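Asks: Take a look at entry_19.cif, mmCIF, C-alpha atoms:
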data_run
#
loop_
_atom_site.label_atom_id
_atom_site.label_comp_id
_atom_site.auth_asym_id
_atom_site.auth_seq_id
_atom_site.Cartn_x
_atom_site.Cartn_y
_atom_site.Cartn_z
CA MET A 1 143.87 68.15 1.50
CA SER A 2 146.84 66.09 0.39
CA TRP A 3 147.44 63.30 -2.11
CA MET A 4 147.69 60.90 0.81
CA ASN A 5 144.19 61.83 1.99
CA ILE A 6 142.85 61.39 -1.53
CA ALA A 7 144.50 57.97 -1.68
CA ARG A 8 142.96 57.00 1.67
CA ALA A 9 139.52 58.15 0.53
CA ALA A 10 139.92 56.18 -2.69
CA LYS A 11 140.79 53.07 -0.65
CA VAL A 12 137.54 53.55 1.28
CA LEU A 13 135.71 53.86 -2.04
CA ALA A 14 137.31 50.59 -3.18
CA LEU A 15 136.27 48.93 0.06
CA VAL A 16 132.67 50.14 -0.29
CA GLY A 17 132.64 48.83 -3.87
CA PHE A 18 133.74 45.45 -2.55
CA PHE A 19 130.33 45.07 -0.86
CA MET A 20 128.33 46.14 -3.93
CA PRO A 21 127.30 43.76 -6.75
CA TRP A 22 130.27 42.58 -8.83
CA LEU A 23 128.85 39.87 -11.04
CA LEU A 24 125.49 38.95 -12.55
CA VAL A 25 124.93 35.55 -14.13
CA SER A 26 121.99 35.29 -16.51
CA CYS A 27 120.60 32.67 -18.84
CA GLN A 28 118.88 33.91 -21.98
CA GLY A 29 118.42 37.33 -20.44
CA GLN A 30 116.94 36.05 -17.17
CA PRO A 31 119.10 36.85 -14.13
CA ILE A 32 119.82 33.72 -12.11
CA ALA A 33 122.58 34.72 -9.66
CA THR A 34 124.55 37.66 -8.40
CA ALA A 35 127.63 38.10 -6.22
CA THR A 36 129.37 40.94 -4.43
CA GLY A 37 133.13 41.05 -4.03
CA TRP A 38 132.70 39.84 -0.45
CA GLN A 39 130.54 36.91 -1.59
CA MET A 40 133.11 35.98 -4.21
CA ALA A 41 135.81 36.02 -1.54
CA MET A 42 133.69 33.69 0.60
CA GLY A 43 132.78 31.41 -2.34
CA GLU A 44 129.08 32.33 -2.34
CA MET A 45 126.50 33.57 -4.84
CA SER A 46 122.93 34.76 -4.29
CA ALA A 47 120.21 33.09 -6.33
CA ILE A 48 117.64 35.36 -7.95
CA GLY A 49 114.00 34.34 -8.08
CA ASP A 50 113.39 30.61 -8.53
CA ALA A 51 116.94 29.88 -9.65
CA THR A 52 119.07 27.46 -7.68
CA VAL A 53 122.77 28.13 -7.38
CA ALA A 54 125.41 25.65 -6.28
CA GLN A 55 126.86 26.85 -2.98
CA ASP A 56 129.90 24.57 -2.93
CA ALA A 57 132.31 26.99 -4.62
CA ASP A 58 135.73 27.52 -3.09
CA PRO A 59 136.55 30.96 -1.73
CA ALA A 60 138.26 33.17 -4.31
CA TRP A 61 141.84 33.53 -3.01
CA TRP A 62 142.41 36.55 -5.24
CA ALA A 63 139.42 38.41 -3.76
CA ILE A 64 140.53 37.59 -0.20
CA LEU A 65 144.06 38.81 -0.94
CA ALA A 66 142.73 41.98 -2.64
CA LEU A 67 140.62 42.74 0.43
CA VAL A 68 143.63 42.22 2.71
CA LEU A 69 145.69 44.56 0.50
CA ILE A 70 142.97 47.22 0.53
CA LEU A 71 142.67 47.14 4.32
CA GLY A 72 146.38 46.68 4.98
CA GLY A 73 147.46 49.43 2.61
CA ALA A 74 145.03 51.89 4.17
CA ALA A 75 146.05 50.96 7.72
CA ALA A 76 149.75 51.24 6.85
CA THR A 77 149.31 54.93 6.03
CA PHE A 78 148.47 55.66 9.65
CA PHE A 79 151.28 53.64 11.22
CA LEU A 80 154.27 53.71 8.86
CA LYS A 81 156.82 56.46 9.09
CA PRO A 82 158.12 58.41 7.19
CA PRO A 83 155.09 59.48 5.16
CA LYS A 84 156.87 58.73 1.86
CA ARG A 85 157.25 55.08 2.86
CA ALA A 86 153.57 54.95 3.85
CA ALA A 87 152.57 56.44 0.49
CA LEU A 88 154.69 53.88 -1.35
CA VAL A 89 153.13 50.99 0.58
CA LEU A 90 149.64 52.37 -0.06
CA ALA A 91 150.31 52.76 -3.80
CA GLY A 92 151.85 49.29 -4.05
CA ALA A 93 149.02 47.64 -2.15
CA ALA A 94 146.38 49.44 -4.22
CA GLY A 95 148.13 48.58 -7.50
CA ALA A 96 148.52 44.94 -6.50
CA ALA A 97 144.84 44.74 -5.45
CA LEU A 98 143.84 46.32 -8.76
CA VAL A 99 145.76 43.69 -10.74
CA LEU A 100 144.43 40.88 -8.54
CA CYS A 101 140.83 42.00 -9.05
CA ALA A 102 141.20 42.37 -12.81
CA VAL A 103 143.00 39.07 -13.37
CA GLY A 104 141.03 37.18 -10.73
CA MET A 105 137.64 38.21 -12.09
CA ASN A 106 138.64 37.15 -15.59
CA LEU A 107 139.78 33.78 -14.21
CA ALA A 108 136.55 33.39 -12.22
CA ILE A 109 134.41 34.07 -15.28
CA SER A 110 136.49 31.68 -17.39
CA GLU A 111 136.14 29.01 -14.73
CA GLY A 112 132.38 29.59 -14.52
CA ARG A 113 132.06 29.18 -18.27
CA SER A 114 134.20 26.04 -18.36
CA ASN A 115 132.29 24.48 -15.45
CA ALA A 116 129.02 25.10 -17.28
CA VAL A 117 130.34 23.46 -20.47
CA ARG A 118 131.98 20.43 -18.86
CA PRO A 119 129.71 17.40 -19.38
CA GLU A 120 129.02 15.13 -16.44
CA ALA A 121 130.80 11.76 -16.41
CA GLY A 122 128.69 9.06 -18.01
CA ALA A 123 126.14 11.48 -19.44
CA ASP A 124 124.48 10.38 -22.67
CA PRO A 125 125.23 12.41 -25.81
CA ALA A 126 121.81 14.08 -25.82
CA ALA A 127 122.27 15.31 -22.24
CA ALA A 128 125.79 16.52 -23.04
CA GLN A 129 124.44 18.41 -26.07
CA MET A 130 121.69 19.96 -23.94
CA GLN A 131 124.22 21.03 -21.30
CA SER A 132 126.41 22.57 -23.99
CA ALA A 133 123.45 24.55 -25.35
CA MET A 134 122.60 25.77 -21.85
CA ALA A 135 126.21 26.81 -21.27
CA GLU A 136 126.13 28.92 -24.43
CA ALA A 137 123.04 30.73 -23.11
CA LEU A 138 124.84 31.73 -19.89
CA ARG A 139 126.10 35.30 -19.63
CA PHE A 140 128.47 36.71 -17.03
CA GLU A 141 128.12 40.47 -16.63
CA LEU A 142 130.37 42.70 -14.52
CA ARG A 143 128.33 44.98 -12.27
CA TYR A 144 128.90 48.48 -10.92
CA GLY A 145 130.49 47.44 -7.60
CA TYR A 146 133.38 45.82 -9.46
CA TRP A 147 133.98 49.00 -11.46
CA VAL A 148 133.71 51.19 -8.32
CA THR A 149 136.35 49.00 -6.66
CA LEU A 150 138.69 49.19 -9.67
CA LEU A 151 138.21 52.96 -9.93
CA GLY A 152 138.95 53.44 -6.24
CA LEU A 153 142.07 51.28 -6.50
CA ALA A 154 143.29 53.13 -9.60
CA ILE A 155 142.82 56.51 -7.91
CA ALA A 156 144.51 55.24 -4.73
CA THR A 157 147.47 53.97 -6.75
CA GLY A 158 147.92 57.25 -8.61
CA ALA A 159 147.43 59.46 -5.57
CA GLY A 160 149.78 57.25 -3.54
CA VAL A 161 152.50 57.60 -6.18
CA LEU A 162 152.02 61.39 -6.25
CA ALA A 163 152.25 61.50 -2.44
CA TRP A 164 155.40 59.34 -2.54
CA GLN A 165 156.95 61.73 -5.06
CA GLY A 166 156.19 64.63 -2.71
CA ARG A 167 153.94 66.42 -5.18
CA GLU A 168 151.79 69.20 -3.79
CA LEU A 169 148.07 69.23 -4.36
CA SER A 170 146.93 72.65 -5.50
CA LEU A 171 143.19 73.19 -5.30
CA SER A 172 143.27 76.84 -6.32
CA ALA A 173 143.78 77.92 -9.89
CA SER A 174 146.98 79.85 -10.53
CA ARG A 175 146.61 83.11 -12.39
CA ALA A 176 149.32 84.50 -14.56
CA GLU A 177 149.07 88.25 -14.16
#
Would you mind writing the file out in structure tokens?
Replies:
Amino acid sequence: MSWMNIARAAKVLALVGFFMPWLLVSCQGQPIATATGWQMAMGEMSAIGDATVAQDADPAWWAILALVLILGGAAATFFLKPPKRAALVLAGAAGAALVLCAVGMNLAISEGRSNAVRPEAGADPAAAQMQSAMAEALRFELRYGYWVTLLGLAIATGAGVLAWQGRELSLSASRAE
């Protein structure tokens, strides 16, 4: 096994995490919507129970770009020569996808909160106050798929850098005799 193979496996882990739940939206402890990384990329959310969720969201450019980087970085390792260049591309793509996911998710949550707080045009003060109270009850929770994706990308970045540096992977313990 080599660092490059570990980096490839970590990219697959990140890709699998992309299709697991990333975000849960709840109101006063009651789940109302969830989204995977793929759904966020497509601008979708899944309603839970009787909740209704607006389906007119724009696709998340950062999630689309992160997915392209995950797939492209993994594919590059099979086609680029020499192996050091492939390792550098893999590490760079994984690191860039990691940053995109972290920053993009924070922006998406901030946008979700601000959209919930923004009063509708022409709404009376009582309705605006009610909407503000409802917005304060909303919670955005990061789910395990998001963390699996970030973990996979972090491992891929580190293993890619180690492969680029030409480090050997030693799986047996050395004994000083």
Asks: When you count only C-alpha atoms, which of these residues is closest to A:Glu44: A:Ile32, A:Ala9, A:Leu107, A:Ala60?
Replies: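 The answer is A:Ala60, which sits nearest to A:Glu44.
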Asks: Between atom CA of A:Pro21 and atom CA of A:Asn5, what is the distance, to one decimal in Å?
Replies: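 So the two atoms, atom CA of A:Pro21 and atom CA of A:Asn5, lie 26.2 Å apart.
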Asks: Of the candidates A:Gln28, A:Gln39, A:Thr157, A:Ser46, which one gets nearest to A:Arg8 if we count all atoms listed in the file?
Replies: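 Smallest distance to A:Arg8 is found for A:Thr157.
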Asks: Identify all residues satisfying the PyMOL selection byres ((chain A and resi 160-172) around 8) in the given file; provide them as an NGL selection string.
Replies: :A and (1-4 or 7 or 83-88 or 90-91 or 156-159 or 173-174)
Asks: Can I get the selected residues back with C-alpha atoms, as a JSON list (two decimals), in the coordinates of the input?
Replies:
[["chain", "number", "residue", "atom", "x", "y", "z"],
["A", 1, "MET", "CA", 143.87, 68.15, 1.50],
["A", 2, "SER", "CA", 146.84, 66.09, 0.39],
["A", 3, "TRP", "CA", 147.44, 63.30, -2.11],
["A", 4, "MET", "CA", 147.69, 60.90, 0.81],
["A", 7, "ALA", "CA", 144.50, 57.97, -1.68],
["A", 83, "PRO", "CA", 155.09, 59.48, 5.16],
["A", 84, "LYS", "CA", 156.87, 58.73, 1.86],
["A", 85, "ARG", "CA", 157.25, 55.08, 2.86],
["A", 86, "ALA", "CA", 153.57, 54.95, 3.85],
["A", 87, "ALA", "CA", 152.57, 56.44, 0.49],
["A", 88, "LEU", "CA", 154.69, 53.88, -1.35],
["A", 90, "LEU", "CA", 149.64, 52.37, -0.06],
["A", 91, "ALA", "CA", 150.31, 52.76, -3.80],
["A", 156, "ALA", "CA", 144.51, 55.24, -4.73],
["A", 157, "THR", "CA", 147.47, 53.97, -6.75],
["A", 158, "GLY", "CA", 147.92, 57.25, -8.61],
["A", 159, "ALA", "CA", 147.43, 59.46, -5.57],
["A", 173, "ALA", "CA", 143.78, 77.92, -9.89],
["A", 174, "SER", "CA", 146.98, 79.85, -10.53]]
Asks: Using all atoms listed in the file, can you list as a count of residues only the residues within 12 Å of (146.9, 46.3, 6.7)?
Replies: 22
Asks: Do a neighbour search on A:Val16 at 9 Å with all atoms listed in the file, toss out local chain neighbours closer than 6 positions, and write the hits as a list in words.
Replies: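 Listed by chain and then number, they are Gly145, Val148 and Thr149 of chain A.
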Asks: Just how far from atom CA of A:Ile64 is atom CA of A:Ala33, in Å to one decimal?
Replies: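 Atom-to-atom, atom CA of A:Ala33 to atom CA of A:Ile64, that is 20.5 Å.
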Asks: Using only C-alpha atoms, pick whichever of A:Pro59, A:Pro31, A:Gly112, A:Gly95 has the shortest atom-to-atom distance to A:Leu150.
Replies: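 Of the candidates, the smallest distance to A:Leu150 is held by A:Gly95.
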Asks: Do you have the atom CA of A:Trp22-atom CA of A:Trp62 distance handy?
Replies: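 According to the coordinates, atom CA of A:Trp22 and atom CA of A:Trp62 are separated by 14.0 Å.
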Asks: Name the residues, using the chain letters and numbers of the file, that sit within 12 Å of (133.8, 31.3, 1.8) when counting all atoms listed in the file, and give them as a count of residues only.
Replies: 18
Asks: Go through A:Gly152, A:Gly29, A:Pro82, A:Gly49 and flag the residue nearest A:Phe140, using all atoms listed in the file for the distances.
Replies: A:Gly29
Asks: Return as a PDB file with C-alpha atoms, keeping the file's coordinate frame the set of residues that the PyMOL selection byres ((chain A and resi 109) around 10) yields on the displayed structure.
Replies:
ATOM      1  CA  LEU A  23     128.850  39.870 -11.040  1.00  0.00           C
ATOM      2  CA  VAL A  25     124.930  35.550 -14.130  1.00  0.00           C
ATOM      3  CA  GLY A 104     141.030  37.180 -10.730  1.00  0.00           C
ATOM      4  CA  MET A 105     137.640  38.210 -12.090  1.00  0.00           C
ATOM      5  CA  ASN A 106     138.640  37.150 -15.590  1.00  0.00           C
ATOM      6  CA  LEU A 107     139.780  33.780 -14.210  1.00  0.00           C
ATOM      7  CA  ALA A 108     136.550  33.390 -12.220  1.00  0.00           C
ATOM      8  CA  SER A 110     136.490  31.680 -17.390  1.00  0.00           C
ATOM      9  CA  GLU A 111     136.140  29.010 -14.730  1.00  0.00           C
ATOM     10  CA  GLY A 112     132.380  29.590 -14.520  1.00  0.00           C
ATOM     11  CA  ARG A 113     132.060  29.180 -18.270  1.00  0.00           C
ATOM     12  CA  SER A 114     134.200  26.040 -18.360  1.00  0.00           C
ATOM     13  CA  ASN A 115     132.290  24.480 -15.450  1.00  0.00           C
ATOM     14  CA  ARG A 139     126.100  35.300 -19.630  1.00  0.00           C
ATOM     15  CA  PHE A 140     128.470  36.710 -17.030  1.00  0.00           C
ATOM     16  CA  GLU A 141     128.120  40.470 -16.630  1.00  0.00           C
ATOM     17  CA  LEU A 142     130.370  42.700 -14.520  1.00  0.00           C
TER      18      LEU A 142
END
Asks: Hey, which of A:Cys101, A:Lys81, A:Thr34, A:Ala10 ends up closest to A:Tyr146? Count all atoms listed in the file.
Replies: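 Checking each candidate against A:Tyr146, we get A:Cys101 as the closest.
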Asks: Using only C-alpha atoms, pick whichever of A:Ala47, A:Val103, A:Ala96, A:Leu151 has the shortest atom-to-atom distance to A:Ser26.
Replies: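 Closest candidate: A:Ala47.
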